[in-house]
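These notes concern the structure reproduced below.
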Amino acid sequence: MMRGPFCMGGRLGTRVTREIPGAVPRENMPADLPSPTASSDPSGTAPSGVTGQQLTPPHDRHYVEANPTGRRLGLLTLTALGVVFGDIGTSPLYALRECFKPEYGLTPTPDNVYGVLSLILWSLILVVSYKYIGFIMRADNRGEGGILAMLALIIKEDSERRRGRAVLIALGIFGAALLYGDGVITPAISVLSAMEGLTVRNPSFDVAVVPLTLVIIVMLFAVQRHGTTRVGSAFGPLMALWFVSIASLGLTQVVRDAHILSAINPIWAVRFFALHDLHAVTVLGAVVLAVTGAEALYADMGHFGRKPIRTAWFWLVFPALLLNYFGQGSLILGDPAAAENPFYNLAPRLLLLPMIALATLAAIIASQALISGAFSLTQQCIQLGYSPRMSIVHTSAKEYGQIFVPEVNYALAFGTLLVVLGFQSSSALGAAYGIAVTGTMTITTILFFVISSRRWQWPMWKVAALTLLFIGVDLAFLSANAIKIEHGGWVPVLMAISLFVLMTTWKRGKLILRERLQEITMPLDAFLKSLSSGKILRVPGTAVFMTSEAAGAPVVLLHHLKHNKVLHEQVVLLSITTAEVPEVRDDERVEMERLEHGFVRATAHYGFMESPDVTEVLGLLRQRGLKAKPMETSYYLGAEQLIPRQKAWKEGGMTMSIWRKKLFAVMSRNAVSAAAFFQLPPNRVVELGTQIEF
């Protein structure tokens with residue numbers, strides 16, 4: 001039945017609701033769902049896939065040149081310090097300390113200290129320098145890095161290996177889900193580690209560590225809505241000061257005992273395993289904390305490029321980390337009691353409080369990078385069709401990549417506070433942190449194998465040799481952390497599994513609904529032919545109907561015509577698709593085709609790291625000759641209310657259990673409105689809805 005105008009959130013609209021059991025008559029069909037080549041969701045549903053559009057990446061966004069030099073290279077390198085290296089840069093706060101935890105039973109003898117230092121050194125060389133900087137960063141998607149960028153590259157593969165590709169996509173999605181766990185644990189362990197320096201100054205401060213950590217975390221998430229534009233320029237110099245400071249502390253101790261540098265010899269690592277057998281594998285679970293943040297080098301590549309990241313790593317970050325770790329090792333050899341907190345024990349008494357303050361700032365910067373990464377990851381998930389619509393707020397008019405996602409921010413804040421309250425110390429969080437990091441690293445290696453062998457066509461001997469080396473290291477770290485599942489490692493695993501279920505449920509649900517509705521889509525040619533009778537009243541103005549099926553007549557258009565009996569003089573059928581590139585140039589943004597009876601068919605292309613903006617699209621269409629005045633243009637959207645039937649879905653080669661159908665319906669109801677997601681003028685939107693039983 002027809003309902004009158006309603007006002008919701010300042011949006012005036014009209015909603016038509018009707019229940020449709022079983023087959024859906026064409027005239028009552030809800031707004032179209034995305035086709036296999038249309039990934040955005042103009043009708044009120046989420047994206048479903050990636051298009052095969054071969055589009056050129058833009059050069060006027062946040063992309064940087066491939067080979068910067070001189071002052072430009074220096075500026076990018078300094079900025080990268082504040083964004084890319086915060087996580088791995090704060091690892092000295094807890095990594096070596098964790099290796100000598102009392103429960104490991106590892107006494108600080110010369111053999112053990114040299115062995116652990118050698119393991120840390122060669123882990124940094126093999127994982128960060130060789131694997132990520134040397135090879136993984138080559139797997140860029142038009143300049144963009146990260147596990148979902150790799151996934152987009154794999155999605156572009158032909159469909160001959162459907163089963164294998166489905167497994168790889170599932171791995172990629174699970175790896176992305178693990179990164180959210182990393183986004184929860186990193187702020188907790190980093191800020192806790194910084195605050196624990198207070199107990200070195202005075203053990204009675206122990207009771208204040210957790211409350212202070214909670215206050216800092218609340219403040220950190222509270223300022224996210226304002227973006228990082230104002231403080232971002234200070235991140236680079238602050239992290240540069242941090243690395244110079246930790247290098248100076250370590251160098252002072254190394255100079256006193258230069259023999260500690262003999263741990264560079266990998267024979268010490270081999271001897272460590274020979275002395276401790278399987279017990280050494282357990283220690284690897286702590287050693288891996290030294291390479292946390294390696295994935296950030298790859299994920300943030302699109303913001304800075306390979307060269308600035310490589311320059312910052314080899315000229316400052318890597319030497320500073322080594323000096324600090326070796327300084328901590330030398331200190332432990334001279335004073336075994338210092339193993340309780342070797343980082344802060346390196347600092348002279350007078351410099352302890354300044355170092356705690358600087359460590360807190362470094363921890364905040366490290367947390368900021370992971371939080372911002374979670375926002376970007378969410379945006380990619382929405383565009384690739386693995387998440388319902390969420391609010392995407394751009395916090396900077398100049399820096400395109402700075403976004404804020406309120407729903408994700410609240411979830412991360414809640415999860416981080418729970419983790420701090422549950423674990424109470426950075427040492428207890430070590431196991432939880434390791435499993436998230438090593439799981440993502442292992443999945444990245446598997447995806448790299450596929451890309452290097454199938455897309456790059458590298459010789460199989462080269463691909464196999466690299467993969468065996470990388471996967472051997474990854475699995476060693478993963479197995480060392482797997483035995484800690486019961487001691488906290490279950491936290492990121494549980495989070496990843498939960499997010500994986502949500503993401504795959506959304507994707508499967510959209511595919512099922514699209515399959516259900518495609519068979520009853522009315523061809524556009526047939527619809528235009530029906531208008532030839534001239535019996536439909538045309539009124540002045542422009543109507544924009546959002547659709548994801550460019551070849552069919554939008555069902556929201558059929559609903560409008562059925563109930564209102566009129567059409568505007570100009571009708572724009574607008575489809576929004578997601579390409580496999582991170583961003584799309586403005587000159588390739590839209591395609592426009594004029595049809596009969598005042599109809600215009602338009603397609604807007606967006607990259608998987610962009611947020612669709614329909615008003616921007618209309619502006620580009622006006623530049624191509626479309627005459628549409630903003631105050632005389634109305635936007636029509638379709639909205640579905642899903643009613644899951646009490647039996648599993650088993651049609652068209654797809655299955656979905658009852659509980660997942662109900663979960664999908666809940667996710668659909670709580671998605672952000674299409675009008676808000678597509679940034680439509682609030683007072684120019686009309687929504688027509690349909691109840692669908694599935």
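How things are named: the first chain in the structure tokens is A, the next is B, and so on; residues count from 1 in each chain; ligands count from 1 in the order shown.
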How would you write, as a ChimeraX atom specification, the set of residues in segment 350-469 of chain A that DSSP gives as strand (DSSP E)?
-> /A:393-394,403-404
Residues as selected, N, CA and C atoms, written as an mmCIF file, in the first residue's frame, can you do that?
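Writing the result to part-v1.cif gives the following:
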```cif
data_model
loop_
_atom_site.group_PDB
_atom_site.id
_atom_site.type_symbol
_atom_site.label_atom_id
_atom_site.label_comp_id
_atom_site.auth_asym_id
_atom_site.auth_seq_id
_atom_site.Cartn_x
_atom_site.Cartn_y
_atom_site.Cartn_z
ATOM 1 N N VAL A 393 33.380 9.447 6.375
ATOM 2 C CA VAL A 393 33.551 10.886 6.552
ATOM 3 C C VAL A 393 34.969 11.263 6.149
ATOM 4 N N HIS A 394 35.102 12.143 5.167
ATOM 5 C CA HIS A 394 36.418 12.636 4.762
ATOM 6 C C HIS A 394 36.801 13.782 5.681
ATOM 7 N N ILE A 403 40.136 9.450 6.135
ATOM 8 C CA ILE A 403 38.709 9.230 6.325
ATOM 9 C C ILE A 403 38.445 8.802 7.764
ATOM 10 N N PHE A 404 37.199 8.900 8.142
ATOM 11 C CA PHE A 404 36.760 8.499 9.472
ATOM 12 C C PHE A 404 35.488 7.683 9.319
#
```
Pick out each residue of segment 314-412 of chain A that DSSP on the backbone tags as alpha helix (DSSP H); I need them as a PyMOL selection string.
-> chain A and resi 318-334+342-345+352-384+406-412
Check the smallest atom-to-atom distance from each of A:Val420, A:Ala95, A:Ile147, A:Leu289 to Leu212 of chain A using only C-alpha atoms, then report the winner.
-> A:Val420
Extract, using only C-alpha atoms, all DNA, RNA and protein residues at most 12 Å from Ile446 of chain A, discarding same-chain residues fewer than 6 positions from it, and format them as a PyMOL selection string.
-> chain A and resi 136+147+150-151+154+167-172+175+439-440+452-453+463-464+466-472+474-475
Let's have the selection written as an mmCIF file, in the first residue's frame, with N, CA and C atoms.
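Once everything was written out, this is again_34.cif:
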```cif
data_model
loop_
_atom_site.group_PDB
_atom_site.id
_atom_site.type_symbol
_atom_site.label_atom_id
_atom_site.label_comp_id
_atom_site.auth_asym_id
_atom_site.auth_seq_id
_atom_site.Cartn_x
_atom_site.Cartn_y
_atom_site.Cartn_z
ATOM 1 N N ILE A 136 57.422 -8.340 -1.526
ATOM 2 C CA ILE A 136 55.976 -8.151 -1.376
ATOM 3 C C ILE A 136 55.538 -6.791 -1.894
ATOM 4 N N ILE A 147 46.630 -6.169 1.868
ATOM 5 C CA ILE A 147 46.130 -7.510 1.571
ATOM 6 C C ILE A 147 44.900 -7.468 0.665
ATOM 7 N N MET A 150 46.022 -6.955 -2.889
ATOM 8 C CA MET A 150 46.416 -8.242 -3.454
ATOM 9 C C MET A 150 45.183 -9.047 -3.844
ATOM 10 N N LEU A 151 44.169 -8.985 -3.002
ATOM 11 C CA LEU A 151 42.933 -9.716 -3.285
ATOM 12 C C LEU A 151 42.287 -9.209 -4.566
ATOM 13 N N ILE A 154 43.927 -10.698 -7.503
ATOM 14 C CA ILE A 154 43.538 -12.094 -7.720
ATOM 15 C C ILE A 154 42.132 -12.172 -8.297
ATOM 16 N N VAL A 167 39.057 -20.132 -2.714
ATOM 17 C CA VAL A 167 39.859 -20.399 -1.513
ATOM 18 C C VAL A 167 40.799 -19.235 -1.239
ATOM 19 N N LEU A 168 41.432 -18.724 -2.295
ATOM 20 C CA LEU A 168 42.366 -17.616 -2.135
ATOM 21 C C LEU A 168 41.646 -16.352 -1.657
ATOM 22 N N ILE A 169 40.466 -16.111 -2.201
ATOM 23 C CA ILE A 169 39.692 -14.943 -1.775
ATOM 24 C C ILE A 169 39.291 -15.087 -0.307
ATOM 25 N N ALA A 170 38.918 -16.304 0.087
ATOM 26 C CA ALA A 170 38.564 -16.540 1.493
ATOM 27 C C ALA A 170 39.767 -16.277 2.397
ATOM 28 N N LEU A 171 40.957 -16.711 1.956
ATOM 29 C CA LEU A 171 42.169 -16.447 2.735
ATOM 30 C C LEU A 171 42.425 -14.952 2.845
ATOM 31 N N GLY A 172 42.252 -14.243 1.729
ATOM 32 C CA GLY A 172 42.469 -12.809 1.744
ATOM 33 C C GLY A 172 41.511 -12.098 2.681
ATOM 34 N N GLY A 175 42.562 -12.788 6.194
ATOM 35 C CA GLY A 175 43.714 -11.954 6.524
ATOM 36 C C GLY A 175 43.306 -10.530 6.841
ATOM 37 N N GLY A 439 49.512 -14.684 11.433
ATOM 38 C CA GLY A 439 48.460 -15.156 10.534
ATOM 39 C C GLY A 439 48.385 -14.327 9.272
ATOM 40 N N THR A 440 48.440 -12.997 9.415
ATOM 41 C CA THR A 440 48.402 -12.121 8.249
ATOM 42 C C THR A 440 49.636 -12.312 7.375
ATOM 43 N N SER A 452 52.764 -13.829 -8.201
ATOM 44 C CA SER A 452 54.052 -13.910 -8.890
ATOM 45 C C SER A 452 54.075 -15.021 -9.931
ATOM 46 N N SER A 453 53.350 -16.111 -9.688
ATOM 47 C CA SER A 453 53.364 -17.222 -10.642
ATOM 48 C C SER A 453 52.368 -17.029 -11.775
ATOM 49 N N VAL A 463 59.791 -18.727 -8.017
ATOM 50 C CA VAL A 463 58.610 -18.570 -7.170
ATOM 51 C C VAL A 463 58.629 -19.581 -6.028
ATOM 52 N N ALA A 464 58.961 -20.831 -6.360
ATOM 53 C CA ALA A 464 58.968 -21.887 -5.342
ATOM 54 C C ALA A 464 60.035 -21.629 -4.280
ATOM 55 N N LEU A 466 61.398 -18.731 -3.338
ATOM 56 C CA LEU A 466 61.018 -17.614 -2.481
ATOM 57 C C LEU A 466 59.881 -17.996 -1.536
ATOM 58 N N THR A 467 58.893 -18.702 -2.083
ATOM 59 C CA THR A 467 57.744 -19.069 -1.262
ATOM 60 C C THR A 467 58.142 -20.000 -0.135
ATOM 61 N N LEU A 468 58.985 -20.981 -0.437
ATOM 62 C CA LEU A 468 59.438 -21.908 0.605
ATOM 63 C C LEU A 468 60.191 -21.174 1.713
ATOM 64 N N LEU A 469 61.013 -20.197 1.315
ATOM 65 C CA LEU A 469 61.744 -19.429 2.317
ATOM 66 C C LEU A 469 60.783 -18.609 3.173
ATOM 67 N N PHE A 470 59.887 -17.877 2.504
ATOM 68 C CA PHE A 470 58.966 -17.014 3.240
ATOM 69 C C PHE A 470 57.998 -17.819 4.097
ATOM 70 N N ILE A 471 57.417 -18.867 3.515
ATOM 71 C CA ILE A 471 56.416 -19.635 4.247
ATOM 72 C C ILE A 471 57.062 -20.412 5.384
ATOM 73 N N GLY A 472 58.331 -20.807 5.206
ATOM 74 C CA GLY A 472 59.039 -21.495 6.285
ATOM 75 C C GLY A 472 59.182 -20.608 7.507
ATOM 76 N N ASP A 474 57.344 -17.871 8.120
ATOM 77 C CA ASP A 474 55.995 -17.541 8.602
ATOM 78 C C ASP A 474 55.405 -18.658 9.448
ATOM 79 N N LEU A 475 55.534 -19.892 8.955
ATOM 80 C CA LEU A 475 54.946 -21.017 9.681
ATOM 81 C C LEU A 475 55.670 -21.280 10.995
#
```
Selection: 9 Å around Thr252 of chain A, only C-alpha atoms, excl. self and same-chain fewer than 4 positions, as a PyMOL selection string = chain A and resi 247-248+256+327+346
At a cut-off of 12 Å, can you tabulate as a tab-separated table every residue of segment 448-567 of chain A near segment 620-630 of chain A together with its closest atom pair and the distance in Å to one decimal, using only C-alpha atoms and ordering rows by chain then number?
```
residue	atom	partner	partner_atom	distance
A:Pro540	CA	A:Ala628	CA	10.7
A:Gly541	CA	A:Ala628	CA	7.4
A:Thr542	CA	A:Ala628	CA	6.1
A:Ala543	CA	A:Ala628	CA	9.0
A:Val544	CA	A:Ala628	CA	9.8
```
Writing out the chosen residues with C-alpha atoms as a CSV table (one decimal), in the first residue's frame:
```csv
chain,number,residue,atom,x,y,z
A,540,PRO,CA,9.3,19.4,-15.8
A,541,GLY,CA,12.6,18.6,-14.1
A,542,THR,CA,15.1,15.7,-13.9
A,543,ALA,CA,14.7,12.4,-12.1
A,544,VAL,CA,17.8,10.4,-11.3
```
Using only C-alpha atoms: which of A:Ala347, A:Ala280, A:Ala411, A:Ala194 has the shortest distance to Leu119 of chain A |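 Of A:Ala347, A:Ala280, A:Ala411, A:Ala194, the one nearest Leu119 of chain A is A:Ala280, counting only C-alpha atoms.
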Can you check which parts of segment 507-589 of chain A lie within 10 Å of segment 638-645 of chain A? Per residue, the shortest pair of atoms and distance in Å to one decimal, counting only C-alpha atoms, sorted by chain and number, as CSV.
```
residue,atom,partner,partner_atom,distance
A:Leu513,CA,A:Leu642,CA,9.8
A:Phe545,CA,A:Gly638,CA,8.8
A:Met546,CA,A:Gly638,CA,7.7
A:Thr547,CA,A:Gly638,CA,8.5
A:Pro554,CA,A:Gly638,CA,8.8
A:Val555,CA,A:Gly638,CA,7.6
A:Val556,CA,A:Gly638,CA,5.3
A:Leu557,CA,A:Gly638,CA,8.9
A:His559,CA,A:Gly638,CA,9.1
```
Check the smallest atom-to-atom distance from each of A:Trp268, A:Trp122, A:Phe423, A:Tyr344 to Val210 of chain A using only C-alpha atoms, then report the winner.
->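 Looking at the shortest contact to Val210 of chain A, the residue is A:Phe423.
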What lies within 9 Å of segment 281-287 of chain A using only C-alpha atoms, ignoring chain neighbours under 4 positions off, as a PyMOL selection string?
-> chain A and resi 95-100+104+106+116-117+119-120+123+273+276-277+291+430-431+434-435+476-484
Can those selected residues be exported to a file as a PDB file, in the first residue's frame so that it contains C-alpha atoms?
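Okay, this is what ended up in again.pdb:
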```
ATOM      1  CA  ALA A  95      59.873  -7.531  22.294  1.00  0.00           C
ATOM      2  CA  LEU A  96      63.170  -8.451  24.015  1.00  0.00           C
ATOM      3  CA  ARG A  97      61.537  -8.310  27.440  1.00  0.00           C
ATOM      4  CA  GLU A  98      58.991 -10.922  26.326  1.00  0.00           C
ATOM      5  CA  CYS A  99      61.764 -13.301  25.247  1.00  0.00           C
ATOM      6  CA  PHE A 100      63.018 -13.479  28.830  1.00  0.00           C
ATOM      7  CA  TYR A 104      59.881 -19.347  29.364  1.00  0.00           C
ATOM      8  CA  LEU A 106      65.202 -18.555  29.706  1.00  0.00           C
ATOM      9  CA  VAL A 116      67.824 -14.171  20.947  1.00  0.00           C
ATOM     10  CA  LEU A 117      69.493 -11.052  19.510  1.00  0.00           C
ATOM     11  CA  LEU A 119      67.017 -14.321  15.998  1.00  0.00           C
ATOM     12  CA  ILE A 120      65.639 -10.770  16.206  1.00  0.00           C
ATOM     13  CA  SER A 123      63.943 -11.960  11.554  1.00  0.00           C
ATOM     14  CA  PHE A 273      67.968 -23.898  18.700  1.00  0.00           C
ATOM     15  CA  HIS A 276      66.926 -25.506  23.590  1.00  0.00           C
ATOM     16  CA  ASP A 277      65.301 -27.799  21.006  1.00  0.00           C
ATOM     17  CA  VAL A 291      58.575  -7.592  13.261  1.00  0.00           C
ATOM     18  CA  GLY A 430      52.085 -10.658  23.752  1.00  0.00           C
ATOM     19  CA  ALA A 431      50.490 -13.963  22.766  1.00  0.00           C
ATOM     20  CA  GLY A 434      51.668 -12.543  17.826  1.00  0.00           C
ATOM     21  CA  ILE A 435      48.902 -14.729  16.405  1.00  0.00           C
ATOM     22  CA  ALA A 476      57.716 -21.159  12.275  1.00  0.00           C
ATOM     23  CA  PHE A 477      56.387 -17.959  13.822  1.00  0.00           C
ATOM     24  CA  LEU A 478      52.758 -19.045  13.425  1.00  0.00           C
ATOM     25  CA  SER A 479      53.320 -22.417  15.090  1.00  0.00           C
ATOM     26  CA  ALA A 480      55.196 -20.723  17.944  1.00  0.00           C
ATOM     27  CA  ASN A 481      52.190 -18.504  18.566  1.00  0.00           C
ATOM     28  CA  ALA A 482      49.592 -21.221  17.957  1.00  0.00           C
ATOM     29  CA  ILE A 483      50.606 -22.925  21.192  1.00  0.00           C
ATOM     30  CA  LYS A 484      49.627 -19.716  23.008  1.00  0.00           C
TER      31      LYS A 484
END
```
